[in-house]
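Q: What follows is a single structure, and I will ask about it in a moment.
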There are 2 protein chains.
Amino acid sequence: MLALTNVRGDLSWRFMLLWLVLLAGAARAEDGHALWMRYVPVDPPRAEEYRARFRELIAPDATPTQRAARAELLEGLEGLLGQSPRPHAGAPGEGALLLGTPDSSPWLVPLRKEIDGLGAEGYLIRRTWVGAKQVTVIAARNDIGVLYGVFHLLRLLQTAAPIGDLEIRETPRVKLRVLNHWDDLDGHVERGYAGASLWDWHKLPDWRDPRYTDYARANASLGINGTVLNNVNADALSLTPMYLRKAAALADVFRPYGIRVYLSARFSAPMEIGGLDTADPLDPRVRRWWRDKADEIYRLIPDFGGFLVKANSEGQPGPQDYGRSHADGANLLADALADHGGVVMWRAFVYSHAVPADRATQAYAEFIRLDGGFRRNVLLQVKNGPIDFQPREPFHPLFGAMPETPLMMEFQITKEYLGFATHLVYLGTLYEETLRADTHMRGPGSTVARVVDGSLHGAALTGMAGVANVGTDRNWTGSHFDQANWYAFGRLAWNPHQSARDIARDWVAMTFSPDPEVVRPVVDMMMASREAAVDYMTPLGLHHLMARGHHYGPGPWVDGGPRAEWTSVYYHRADRDGIGFDRGVHGSNAVAQYAAPVAREFGDVRRVPERYLLWFHHVRWDHRMRSGRTLWSELVHRYSDGVARVGAMRGTWEGLRGKVDEARHREVGAFLRIQQQEAQWWRDASVAYFQSLNGLPLPAGEAPPSRPLEYYQALQFPYAPGDGR
Amino acid sequence: MLALTNVRGDLSWRFMLLWLVLLAGAARAEDGHALWMRYVPVDPPRAEEYRARFRELIAPDATPTQRAARAELLEGLEGLLGQSPRPHAGAPGEGALLLGTPDSSPWLVPLRKEIDGLGAEGYLIRRTWVGAKQVTVIAARNDIGVLYGVFHLLRLLQTAAPIGDLEIRETPRVKLRVLNHWDDLDGHVERGYAGASLWDWHKLPDWRDPRYTDYARANASLGINGTVLNNVNADALSLTPMYLRKAAALADVFRPYGIRVYLSARFSAPMEIGGLDTADPLDPRVRRWWRDKADEIYRLIPDFGGFLVKANSEGQPGPQDYGRSHADGANLLADALADHGGVVMWRAFVYSHAVPADRATQAYAEFIRLDGGFRRNVLLQVKNGPIDFQPREPFHPLFGAMPETPLMMEFQITKEYLGFATHLVYLGTLYEETLRADTHMRGPGSTVARVVDGSLHGAALTGMAGVANVGTDRNWTGSHFDQANWYAFGRLAWNPHQSARDIARDWVAMTFSPDPEVVRPVVDMMMASREAAVDYMTPLGLHHLMARGHHYGPGPWVDGGPRAEWTSVYYHRADRDGIGFDRGVHGSNAVAQYAAPVAREFGDVRRVPERYLLWFHHVRWDHRMRSGRTLWSELVHRYSDGVARVGAMRGTWEGLRGKVDEARHREVGAFLRIQQQEAQWWRDASVAYFQSLNGLPLPAGEAPPSRPLEYYQALQFPYAPGDGR
């Protein structure tokens with residue numbers, strides 16, 4: 001009914017009634033599929049203002065990207081304002097909206113020099129004059145910048161941001177902003193909690209599901225410009241002609257949205273699909289095979305992005321199988337791709353149970369000596385922390401430590417260790433915490449963000465990868481709030497210096513409502529959510545204590561099995577007397593991999609931030625914490641407090657009933673209930689387990705676990721989703 | 001814009017424009033999710049008439065089923081007529097619509113006797129008088145009948161059927177109308193081509209996805225009243241308390257829609273989850289275990305339907321592991337369920353490679369001697385044909401042959417052998433062909449339908465099962481046209497004597513448009529579609545010639561492997577001289593399992609319908625067909641003709657551009673293109689293969705296969721969907 005203000009004079013009550021019915025219908029359809037691109041009516045005064053601003057549209061439509069930008073703008077304004085600007089071809093009138101590049105629009109030629117300074121993907125949004133007419137310009141050097149600018153303008157309207165004197169100049173700080181899909185060719189998604197793979201390989205290339213376009217739109221709205229289609233635990237078949245044709249069809253769909261396709265490459269592919277008897281990176285036949293394969297790929301996908309490789313890690317083949325280094329392996333592929341402009345993203349996530357050293361130290365030890373040994377088109381892709389996407393880790397010591405090598409960030413968007421799809425955990429704060437961490441590699445201010453954006457060491461090639469959380473679930477991500485993690489990743493990949501809170505604010509306004517009475521409480525809830533999860537799962541620096549394999553639920557007792565570093569006891573080292581992993585100078589000395597000021601802080605039990613205490617130190621149960629409590633008391637307190645904060649989140653959400661559409665309100669509410677049950681389960685199982693070791697009484701006021709330890713230890717979930725294979 | 005006719009006088013052009021925009025929006029959203037329950041506006045003159053008929057609604061809302069009936073009616077009429085009847089509580093006025101039972105509505109008490117005659121699930125729809133007011137009544141003995149009646153009335157409006165003097169009395173002819181989901185607990189669907197399992201076991205019981213309700217609505221709209229949640233290749237874990245609670249949550253959602261939940265039971269469950277060392281059906285501990293298990297289930301699901309069992313078949317455990325009969329096994333479970341009113345659906349699909357007899361004869365041989373040996377609450381569930389859901393099979397010889405045993409029909413709705421989701425193959429004609437087949441067991445007219453509906457032998461317990469084709473795909477069934485197979489199964493389960501063409505007509509009108517220019521060509525296309533598939537895959541009685549395992553594409557050369565009856569050469573027996581499986585008196589004598597008149601017809605190579613020729617006879621390549629062609633010539637002709645008819649389907653569909661919404665038109669068009677490619681592949685591969693055996697030249701005018709035989713034989717599809725495990 002808000003959008004009625006432009007219909008004057010002849011309104012009837014029937015019209016009103018009809019409109020209400022239709023609005024009700026629209027509300028009923030809120031299934032989350034539209035993501036943050038809902039384009040629902042803005043409130044009447046603003047709609048009035050916007051309509052005057054955007055009376056007519058002058059936009060080229062000669063290329064697919066130009067048409068995508070134009071279509072998105074028309075659809076967006078139609079939804080937001082109830083009317084879209086009149087397409088127009090001649091000279092701009094008052095309230096014109098001008099889209100284009102200096103090459104596609106004569107009106108933008110005067111801006112050429114200024115626009116050139118914004119780079120290949122940057123854009124300018126400006127309220128300005130053409131002759132006597134006041135107009136709005138979205139201009140860029142290339143079409144893709146215009147599309148990005150369109151999404152930016154739409155975001156401003158969606159979030160009720162002031163647009164009085166628009167003057168926005170944006171350039172991405174990171175060059176490669178990519179999703180990593182851990183999708184298998186049979187449709188299974190490793191660590192996926194949102195249904196099956198988006199890619200319907202069986203029906204490709206002939207059937208291009210419309211959801212591929214929506215996926216591309218969503219990514220382009222954030223500036224994501226690359227996607228690795230298949231699992232890093234790769235199947236060589238993805239490089240066969242049949243699958244390359246399927247990948248090419250996806251690339252065709254994504255291209256207008258500025259998204260390049262990449263593939264995970266299995267290092268042993270020359271043997272598995274190439275008929276060779278070796279994959280030795282120095283063997284000329286192997287080099288030839290990869291060159292030919294690259295040529296074949298580029299014939300099908302002229303803008304192919306390159307390869308992502310997991311090698312000599314968790315059973316994957318790699319160059320070390322032939323006594324060669326990771327640099328030899330990466331350079332092999334880099335040479336094959338170089339002439340075509342492709343890159344290799346080589347993962348640093350390697351560790352071996354054959355190596356006795358602390359797993360947290362192994363990647364650094366392996367790669368630090370290779371600095372300077374990689375081709376120019378190789379990036380080293382490093383996870384945010386030295387173990388594996390835990391609820392909290394200190395930053396990875398490789399960041400800042402390889403000045404001659406472009407280091408890509410690898411974040412996990414899918415919540416493998418953070419409650420799957422049902423726990424509301426906003427990861428913006430996790431990403432922000434890592435990006436703002438100071439490596440001190442070039443003195444104070446040497447943040448991880450500055451390593452990633454290349455400014456610390458002047459890297460020309462930069463990148464950020466996120467392990468995708470999307471699948472065939474109607475809401476894409478398995479839960480409404482997990483959309484925020486996709487969103488936050490994309491926004492931070494564009495600019496890693498942004499604030500997680502600002503991003504959350506935008507997301508809530510676009511996804512639920514710009515009403516401050518919705519935005520404020522929901523953002524507060526999101527901002528506190530990850531800390532709550534850390535506390536009910538692994539407080540005070542504990543890590544890797546989940547159940548084996550699928551990682552669903554608590555498993556601090558996990559022991560035995562093929563590899564010590566796949567157990568929990570390896571990480572917590574708890575016994576009758578104390579708990580924690582000594583990574584100080586008298587322990588594994590992992591601290592020595594950090595710059596001296598950081599090493600001193602982390603290595604000193606009196607200085608280390610308590611959030612990392614048990615990550616770096618083994619301390620006694622009666623260790624005195626800053627709160628004055630003993631460690632044991634503090635630990636139990638944190639567990640309980642984490643659970644309580646989920647209860648508070650439920651209360652907050654309950655208070656939004658009627659302010660959020662019913663369908664999503666009900667679903668989020670149900671998931672919060674599951675989260676609270678599982679938080680309690682984590683707390684009870686963990687407390688029961690540690691108590692079984694230390695024999696200490698519970699602190700005063702703390703409820704005993706509701707079941708005996710054996711109950712929790714006996715729970716089995718053979719079909720928990722997302723398990724690896 | 002059609003629904004505008006009730007808004008008079010003060011219409012403005014803006015209103016029209018807005019309405020057009022909204023309609024355009026609605027059209028864009030045609031993703032098939034609404035199935036045949038789209039409830040889009042009817043044309044204005046009819047809308048006018050209907051609105052006068054349905055001015056007010058008098059309907060009880062005290063029970064969940066009553067509320068479901070009322071809500072469906074209001075939503076349906078709102079969509080169809082642009083306005084729903086006014087809810088009303090007092091005496092009926094002119095144009096009232098009265099819903100209810102004699103117990104829930106005082107106005108329906110006079111109908112009690114008449115309604116009682118319609119049975120527990122029947123209903124009456126009648127245009128009648130209450131005092132001086134003309135009203136419409138939907139009345140039934142129980143709430144569920146009213147809901148069925150509501151769907152019937154909505155269907156009449158959706159299909160533009162005349163409703164002048166409504167007088168409809170409906171009673172289902174079959175008691176148990178159930179879907180069989182071959183869904184594994186990890187979300188995989190065996191022979192599923194529509195995404196993953198609908199059941200999100202991980203989030204159950206706490207999260208009840210709204211799609212469960214829509215699934216129940218769709219089934220209730222057809223009269224389907226049961227659903228077996230898990231794969232017949234069952235996992236014993238589905239009977240553990242954790243999974244029973246999940247199943248109970250689904251049962252709670254389905255109950256208001258008259259749908260009972262059943263489970264596939266693994267025969268060895270007493271060992272796997274019960275701690276026993278045997279599953280021998282005569283062991284008292286085993287009997288006790290199943291009784292206790294049944295009690296446990298009924299505490300959670302008071303209206304639990306019962307068990308479906310696949311035993312001693314394709315590696316599944318069963319009573320024969322202990323030297324007991326299938327009757328012993330079925331009766332074990334039947335005894336456990338009897339007091340609770342549950343039934344056992346025991347599958348007759350058994351065969352063994354240890355038995356040298358023709359696979360087509362084994363089920364009959366196994367079960368015929370058990371007639372009369374089953375408990376009253378056991379049904380024997382028999383596939384439509386003696387092999388396994390082939391494009392065409394003669395009816396199963398068990399139909400009509402076990403007068404003392406209720407025989408359930410098992411149809412496959414999912415198209416394991418009929419092109420997966422991409423081939424447009426309407427199965428209504430396949431079902432109809434089987435149901436109308438005359439077993440001659442009690443003289444002419446002893447149709448399979450009369451076995452299934454119990455009228456042939458006076459069976460009290462009757463049933464029809466369909467192996468479901470639904471999954472998490474947005475359109476439920478993997479393609480728009482596969483919705484028709486779910487629909488046709490449901491309608492035929494209600495009344496197996498209905499016409500496949502009539503059902504197709506209803507479905508097209510509801511799903512696409514009641515416009516005769518849409519209905520006529522689409523129905524014609526559907527009616528011819530299965531015959532086309534038979535011809536391009538396995539004409540003239542050929543069968544089981546698809547690729548191994550996943551069954552995707554042709555594999556007439558399949559030979560070797562663990563079991564002869566899992567090869568193609570076992571079935572076609574082609575060589576230099578001839579082709580076909582001799583099942584006559586000098587062959588496997590499978591014909592002897594049919595009633596004498598049928599056996600004589602099938603067993604005589606001169607009398608057998610040519611559609612079954614190679615099913616029952618081995619003939620020479622130069623065998624003269626009724627067309628005058630040699631068999632070889634006819635065979636190639638059929639293959640080519642099947643392909644050509646898919647081309648004709650594409651032409652028909654292309655002609656509907658603009659008459660069908662663009663999104664669905666594009667998707668169906670793309671799938672038809674895939675179907676044509678794959679039909680050509682089937683034809684070329686099959687012709688190349690048989691030609692490699694007989695060395696005969698191609699008939700004049702027939703194009704040679706586009707590739708050599710080796711090409712087709714080398715094709716591998718390791719990730720074709722739906723494979724068994």
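Ordering of the structure tokens sets the chain letters (A, B, ...); residue numbers start at 1 within each chain; ligands are numbered from 1 in the order shown.
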Taking 5 positions as the minimum chain separation for residues in the same chain, which residues sit within 10 Å of Asp295 (chain A) when counting only C-alpha atoms? Answer as a list of chain:residue names.

A: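 My reading of the contact set: A:Trp289, A:Trp290, A:Leu300, A:Ile301, A:Pro302, A:Ala336, A:Leu337, A:Asp339, A:His340.
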
Q: Can you list, as a VMD selection string, every protein, DNA or RNA residue that comes within 9 Å of region 268-281 of chain B when you count only C-alpha atoms, leaving out same-chain residues fewer than 2 positions away?

A: chain B and resid 235 to 237 239 to 240 265 to 266 283 to 287 289 to 290 316 to 324 328 to 333

Q: Which of region 149-321 of chain B end up as strand (DSSP E or B) when DSSP is run on this backbone - answer as a list in words?

A: Glu167, Ile168, Arg169, Glu170, Leu176, Arg177, Val178, Leu179, Asn180, Asp183, Val189, Gly226, Thr227, Val228, Arg260, Val261, Tyr262, Leu263, Ser264, Gly306, Phe307, Leu308 and Val309 of chain B

Q: Taking 4 positions as the minimum chain separation for residues in the same chain, which residues sit within 6 Å of Asn230 (chain A) when counting only C-alpha atoms? Answer as a PyMOL selection string.

A: chain A and resi 181-183+264

Q: Write out as a VMD selection string all residues of region 487-654 of chain B that DSSP puts in alpha helix (DSSP H) for this structure's backbone.

A: chain B and resid 487 to 494 500 to 511 516 to 537 569 to 572 596 to 603 613 to 616 631 to 654

Q: Save out the residues we just selected, C-alpha atoms, as a compact mmCIF listing (two decimals), in the first residue's frame.

A:
# COMPACT_ATOMS: atom_id res chain seq x y z
CA TYR B 487 -0.97 -36.75 -10.89
CA ALA B 488 -2.03 -39.67 -13.07
CA PHE B 489 -0.89 -42.21 -10.52
CA GLY B 490 -2.93 -40.53 -7.80
CA ARG B 491 -6.06 -40.28 -9.90
CA LEU B 492 -5.82 -43.91 -11.01
CA ALA B 493 -5.19 -45.10 -7.47
CA TRP B 494 -8.49 -43.49 -6.52
CA ALA B 500 -5.55 -41.74 -19.05
CA ARG B 501 -6.65 -39.19 -21.62
CA ASP B 502 -9.27 -37.64 -19.34
CA ILE B 503 -6.72 -37.40 -16.59
CA ALA B 504 -4.20 -35.78 -18.92
CA ARG B 505 -6.84 -33.29 -19.98
CA ASP B 506 -7.49 -32.27 -16.39
CA TRP B 507 -3.81 -32.03 -15.66
CA VAL B 508 -2.98 -29.85 -18.64
CA ALA B 509 -5.89 -27.53 -17.96
CA MET B 510 -4.87 -27.10 -14.33
CA THR B 511 -1.14 -26.97 -14.90
CA PRO B 516 -8.49 -25.79 -25.73
CA GLU B 517 -5.71 -24.60 -27.99
CA VAL B 518 -3.31 -25.62 -25.26
CA VAL B 519 -5.13 -28.65 -23.90
CA ARG B 520 -5.70 -30.42 -27.21
CA PRO B 521 -2.16 -30.44 -28.61
CA VAL B 522 -0.51 -31.04 -25.26
CA VAL B 523 -2.78 -33.95 -24.42
CA ASP B 524 -2.19 -35.45 -27.86
CA MET B 525 1.54 -35.11 -27.35
CA MET B 526 1.35 -36.74 -23.93
CA MET B 527 -0.83 -39.60 -25.12
CA ALA B 528 1.65 -40.51 -27.85
CA SER B 529 4.77 -39.94 -25.79
CA ARG B 530 5.21 -43.29 -24.11
CA GLU B 531 4.82 -45.21 -27.34
CA ALA B 532 7.53 -43.01 -28.84
CA ALA B 533 9.84 -43.85 -25.94
CA VAL B 534 9.15 -47.56 -26.28
CA ASP B 535 10.09 -47.31 -29.93
CA TYR B 536 13.32 -45.34 -29.59
CA MET B 537 14.44 -47.47 -26.62
CA VAL B 569 22.22 -60.13 -23.65
CA TYR B 570 20.23 -62.26 -21.19
CA TYR B 571 17.10 -60.50 -22.39
CA HIS B 572 17.49 -59.90 -26.11
CA ALA B 596 -5.09 -70.28 -20.74
CA PRO B 597 -6.56 -67.78 -23.24
CA VAL B 598 -3.77 -65.34 -22.49
CA ALA B 599 -1.12 -68.04 -22.60
CA ARG B 600 -2.39 -69.18 -25.98
CA GLU B 601 -2.26 -65.68 -27.38
CA PHE B 602 1.13 -64.79 -25.96
CA GLY B 603 2.59 -68.17 -26.75
CA LEU B 613 6.77 -60.21 -29.94
CA LEU B 614 10.36 -60.28 -28.70
CA TRP B 615 9.28 -60.54 -25.09
CA PHE B 616 7.80 -63.95 -25.73
CA LEU B 631 11.60 -57.97 -38.42
CA TRP B 632 14.94 -56.27 -38.96
CA SER B 633 13.41 -53.68 -41.20
CA GLU B 634 10.52 -53.14 -38.82
CA LEU B 635 12.86 -52.85 -35.86
CA VAL B 636 14.98 -50.16 -37.47
CA HIS B 637 11.86 -48.45 -38.66
CA ARG B 638 10.46 -48.37 -35.14
CA TYR B 639 13.68 -46.95 -33.73
CA SER B 640 13.74 -44.20 -36.33
CA ASP B 641 10.06 -43.51 -35.97
CA GLY B 642 10.42 -43.10 -32.21
CA VAL B 643 13.06 -40.45 -32.79
CA ALA B 644 10.94 -38.73 -35.41
CA ARG B 645 8.00 -38.55 -33.06
CA VAL B 646 10.09 -36.72 -30.50
CA GLY B 647 10.88 -34.26 -33.26
CA ALA B 648 7.17 -33.87 -33.82
CA MET B 649 6.67 -33.24 -30.10
CA ARG B 650 9.23 -30.46 -30.30
CA GLY B 651 7.29 -28.96 -33.16
CA THR B 652 4.03 -29.11 -31.24
CA TRP B 653 5.62 -27.49 -28.23
CA GLU B 654 7.24 -24.79 -30.31

Q: Give me the residues near region 97-103 of chain B as a ChimeraX atom specification, where near means some atom within 8 Å (using only C-alpha atoms) and where sequence neighbours in that chain fewer than 6 positions away do not count.

A: /B:53-60,66,109-112,135-143,146

Q: Those selected residues, please, written with N, CA and C atoms and delivered as a PDB file, in the first residue's frame.

A:
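Dumped to part.pdb:
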ATOM      1  N   ARG B  53     -22.370 -18.075  -7.436  1.00  0.00           N
ATOM      2  CA  ARG B  53     -22.610 -19.386  -6.837  1.00  0.00           C
ATOM      3  C   ARG B  53     -22.021 -19.525  -5.450  1.00  0.00           C
ATOM      4  N   PHE B  54     -20.926 -18.865  -5.268  1.00  0.00           N
ATOM      5  CA  PHE B  54     -20.171 -19.070  -4.021  1.00  0.00           C
ATOM      6  C   PHE B  54     -20.016 -17.740  -3.293  1.00  0.00           C
ATOM      7  N   ARG B  55     -21.147 -17.228  -2.842  1.00  0.00           N
ATOM      8  CA  ARG B  55     -21.133 -15.938  -2.164  1.00  0.00           C
ATOM      9  C   ARG B  55     -20.645 -16.042  -0.729  1.00  0.00           C
ATOM     10  N   GLU B  56     -21.063 -17.099  -0.078  1.00  0.00           N
ATOM     11  CA  GLU B  56     -20.684 -17.224   1.329  1.00  0.00           C
ATOM     12  C   GLU B  56     -20.314 -18.664   1.631  1.00  0.00           C
ATOM     13  N   LEU B  57     -19.528 -18.793   2.673  1.00  0.00           N
ATOM     14  CA  LEU B  57     -18.994 -20.107   3.017  1.00  0.00           C
ATOM     15  C   LEU B  57     -19.411 -20.459   4.430  1.00  0.00           C
ATOM     16  N   ILE B  58     -20.035 -21.614   4.544  1.00  0.00           N
ATOM     17  CA  ILE B  58     -20.391 -22.116   5.870  1.00  0.00           C
ATOM     18  C   ILE B  58     -19.623 -23.410   6.058  1.00  0.00           C
ATOM     19  N   ALA B  59     -18.619 -23.346   6.897  1.00  0.00           N
ATOM     20  CA  ALA B  59     -17.711 -24.489   7.021  1.00  0.00           C
ATOM     21  C   ALA B  59     -17.171 -24.566   8.443  1.00  0.00           C
ATOM     22  N   PRO B  60     -17.165 -25.760   8.998  1.00  0.00           N
ATOM     23  CA  PRO B  60     -16.626 -25.905  10.356  1.00  0.00           C
ATOM     24  C   PRO B  60     -15.116 -25.726  10.345  1.00  0.00           C
ATOM     25  N   GLN B  66     -10.640 -29.991   8.989  1.00  0.00           N
ATOM     26  CA  GLN B  66     -11.650 -28.984   8.629  1.00  0.00           C
ATOM     27  C   GLN B  66     -10.989 -27.660   8.269  1.00  0.00           C
ATOM     28  N   VAL B 109     -27.289 -32.727   8.374  1.00  0.00           N
ATOM     29  CA  VAL B 109     -27.850 -33.886   9.056  1.00  0.00           C
ATOM     30  C   VAL B 109     -28.827 -34.670   8.173  1.00  0.00           C
ATOM     31  N   PRO B 110     -29.674 -33.979   7.409  1.00  0.00           N
ATOM     32  CA  PRO B 110     -30.615 -34.746   6.565  1.00  0.00           C
ATOM     33  C   PRO B 110     -29.915 -35.653   5.557  1.00  0.00           C
ATOM     34  N   LEU B 111     -28.642 -35.384   5.269  1.00  0.00           N
ATOM     35  CA  LEU B 111     -27.947 -36.195   4.268  1.00  0.00           C
ATOM     36  C   LEU B 111     -27.261 -37.417   4.868  1.00  0.00           C
ATOM     37  N   ARG B 112     -27.376 -37.585   6.171  1.00  0.00           N
ATOM     38  CA  ARG B 112     -26.549 -38.582   6.849  1.00  0.00           C
ATOM     39  C   ARG B 112     -26.615 -39.954   6.198  1.00  0.00           C
ATOM     40  N   VAL B 135     -28.044 -23.557  -2.754  1.00  0.00           N
ATOM     41  CA  VAL B 135     -26.697 -23.650  -2.165  1.00  0.00           C
ATOM     42  C   VAL B 135     -25.929 -24.790  -2.832  1.00  0.00           C
ATOM     43  N   THR B 136     -24.644 -24.817  -2.537  1.00  0.00           N
ATOM     44  CA  THR B 136     -23.802 -25.932  -2.961  1.00  0.00           C
ATOM     45  C   THR B 136     -23.275 -26.628  -1.717  1.00  0.00           C
ATOM     46  N   VAL B 137     -23.340 -27.935  -1.752  1.00  0.00           N
ATOM     47  CA  VAL B 137     -22.959 -28.716  -0.580  1.00  0.00           C
ATOM     48  C   VAL B 137     -21.761 -29.604  -0.904  1.00  0.00           C
ATOM     49  N   ILE B 138     -20.777 -29.596  -0.042  1.00  0.00           N
ATOM     50  CA  ILE B 138     -19.722 -30.622  -0.096  1.00  0.00           C
ATOM     51  C   ILE B 138     -19.800 -31.370   1.227  1.00  0.00           C
ATOM     52  N   ALA B 139     -20.291 -32.581   1.159  1.00  0.00           N
ATOM     53  CA  ALA B 139     -20.591 -33.313   2.392  1.00  0.00           C
ATOM     54  C   ALA B 139     -19.947 -34.688   2.350  1.00  0.00           C
ATOM     55  N   ALA B 140     -19.588 -35.166   3.527  1.00  0.00           N
ATOM     56  CA  ALA B 140     -18.938 -36.471   3.625  1.00  0.00           C
ATOM     57  C   ALA B 140     -19.163 -37.031   5.010  1.00  0.00           C
ATOM     58  N   ARG B 141     -18.836 -38.296   5.148  1.00  0.00           N
ATOM     59  CA  ARG B 141     -19.003 -38.912   6.465  1.00  0.00           C
ATOM     60  C   ARG B 141     -17.934 -38.406   7.409  1.00  0.00           C
ATOM     61  N   ASN B 142     -16.734 -38.218   6.867  1.00  0.00           N
ATOM     62  CA  ASN B 142     -15.615 -37.752   7.690  1.00  0.00           C
ATOM     63  C   ASN B 142     -14.999 -36.487   7.083  1.00  0.00           C
ATOM     64  N   ASP B 143     -14.255 -35.810   7.911  1.00  0.00           N
ATOM     65  CA  ASP B 143     -13.623 -34.569   7.459  1.00  0.00           C
ATOM     66  C   ASP B 143     -12.802 -34.775   6.189  1.00  0.00           C
ATOM     67  N   VAL B 146     -14.573 -34.389   3.036  1.00  0.00           N
ATOM     68  CA  VAL B 146     -14.869 -32.990   2.708  1.00  0.00           C
ATOM     69  C   VAL B 146     -13.654 -32.350   2.017  1.00  0.00           C
TER      70      VAL B 146
END

Q: Excluding same-chain residues fewer than 6 positions from Pro172 (chain B), what lies within 9 Å of it counting only C-alpha atoms, as a PyMOL selection string?

A: chain B and resi 118-119+121-122+223+493-495

Q: Next, the residues of the selection above should be written as a PDB file, in the first residue's frame with C-alpha atoms.

A:
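Full text of selection.pdb as output:
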ATOM      1  CA  LEU B 118     -20.185 -43.251   0.342  1.00  0.00           C
ATOM      2  CA  GLY B 119     -17.812 -44.832   2.836  1.00  0.00           C
ATOM      3  CA  GLU B 121     -13.437 -41.368   2.412  1.00  0.00           C
ATOM      4  CA  GLY B 122     -16.221 -40.666  -0.073  1.00  0.00           C
ATOM      5  CA  GLY B 223      -6.726 -38.829  -2.759  1.00  0.00           C
ATOM      6  CA  ALA B 493      -5.188 -45.100  -7.473  1.00  0.00           C
ATOM      7  CA  TRP B 494      -8.487 -43.485  -6.525  1.00  0.00           C
ATOM      8  CA  ASN B 495     -10.215 -45.125  -9.448  1.00  0.00           C
TER       9      ASN B 495
END

Q: What's the 8 Å shell around Gly149 (chain A), counting only C-alpha atoms, without same-chain residues fewer than 2 positions away, as a list of chain:residue names?

A: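 Non-adjacent residues within range: A:Tyr123, A:Leu124, A:Ile125, A:Ile138, A:Ala139, A:Gly145, A:Val146, A:Leu147, A:Phe151, A:His152, A:Leu153.
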
Q: What would the file look like if the residues just selected were written as a tab-separated table (two decimals), in the first residue's frame with N, CA, C and O atoms?

A:
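The resulting file, result.tsv, is reproduced below:
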chain	number	residue	atom	x	y	z
A	123	TYR	N	33.98	2.13	-10.35
A	123	TYR	CA	32.85	2.89	-10.89
A	123	TYR	C	32.68	4.18	-10.11
A	123	TYR	O	33.20	4.35	-8.99
A	124	LEU	N	31.92	5.06	-10.74
A	124	LEU	CA	31.62	6.37	-10.19
A	124	LEU	C	30.10	6.52	-10.19
A	124	LEU	O	29.44	6.23	-11.18
A	125	ILE	N	29.58	6.97	-9.07
A	125	ILE	CA	28.16	7.35	-9.02
A	125	ILE	C	28.12	8.81	-8.61
A	125	ILE	O	28.69	9.18	-7.57
A	138	ILE	N	26.04	6.79	-13.49
A	138	ILE	CA	26.80	5.61	-13.05
A	138	ILE	C	27.76	5.28	-14.18
A	138	ILE	O	27.34	4.81	-15.24
A	139	ALA	N	29.02	5.58	-13.95
A	139	ALA	CA	29.99	5.49	-15.03
A	139	ALA	C	31.17	4.65	-14.61
A	139	ALA	O	31.54	4.58	-13.44
A	145	GLY	N	31.94	-2.49	-14.40
A	145	GLY	CA	31.91	-1.45	-13.37
A	145	GLY	C	30.54	-0.79	-13.30
A	145	GLY	O	30.04	-0.46	-12.22
A	146	VAL	N	29.91	-0.63	-14.45
A	146	VAL	CA	28.57	-0.05	-14.47
A	146	VAL	C	27.59	-0.97	-13.73
A	146	VAL	O	26.78	-0.51	-12.93
A	147	LEU	N	27.71	-2.27	-13.99
A	147	LEU	CA	26.82	-3.21	-13.30
A	147	LEU	C	27.04	-3.14	-11.78
A	147	LEU	O	26.09	-3.10	-11.00
A	151	PHE	N	24.25	-1.99	-8.80
A	151	PHE	CA	23.94	-2.68	-7.55
A	151	PHE	C	24.20	-1.76	-6.34
A	151	PHE	O	23.48	-1.80	-5.35
A	152	HIS	N	25.22	-0.93	-6.45
A	152	HIS	CA	25.51	-0.01	-5.35
A	152	HIS	C	24.37	0.99	-5.17
A	152	HIS	O	23.89	1.22	-4.06
A	153	LEU	N	23.91	1.56	-6.29
A	153	LEU	CA	22.81	2.52	-6.18
A	153	LEU	C	21.56	1.85	-5.61
A	153	LEU	O	20.89	2.41	-4.72
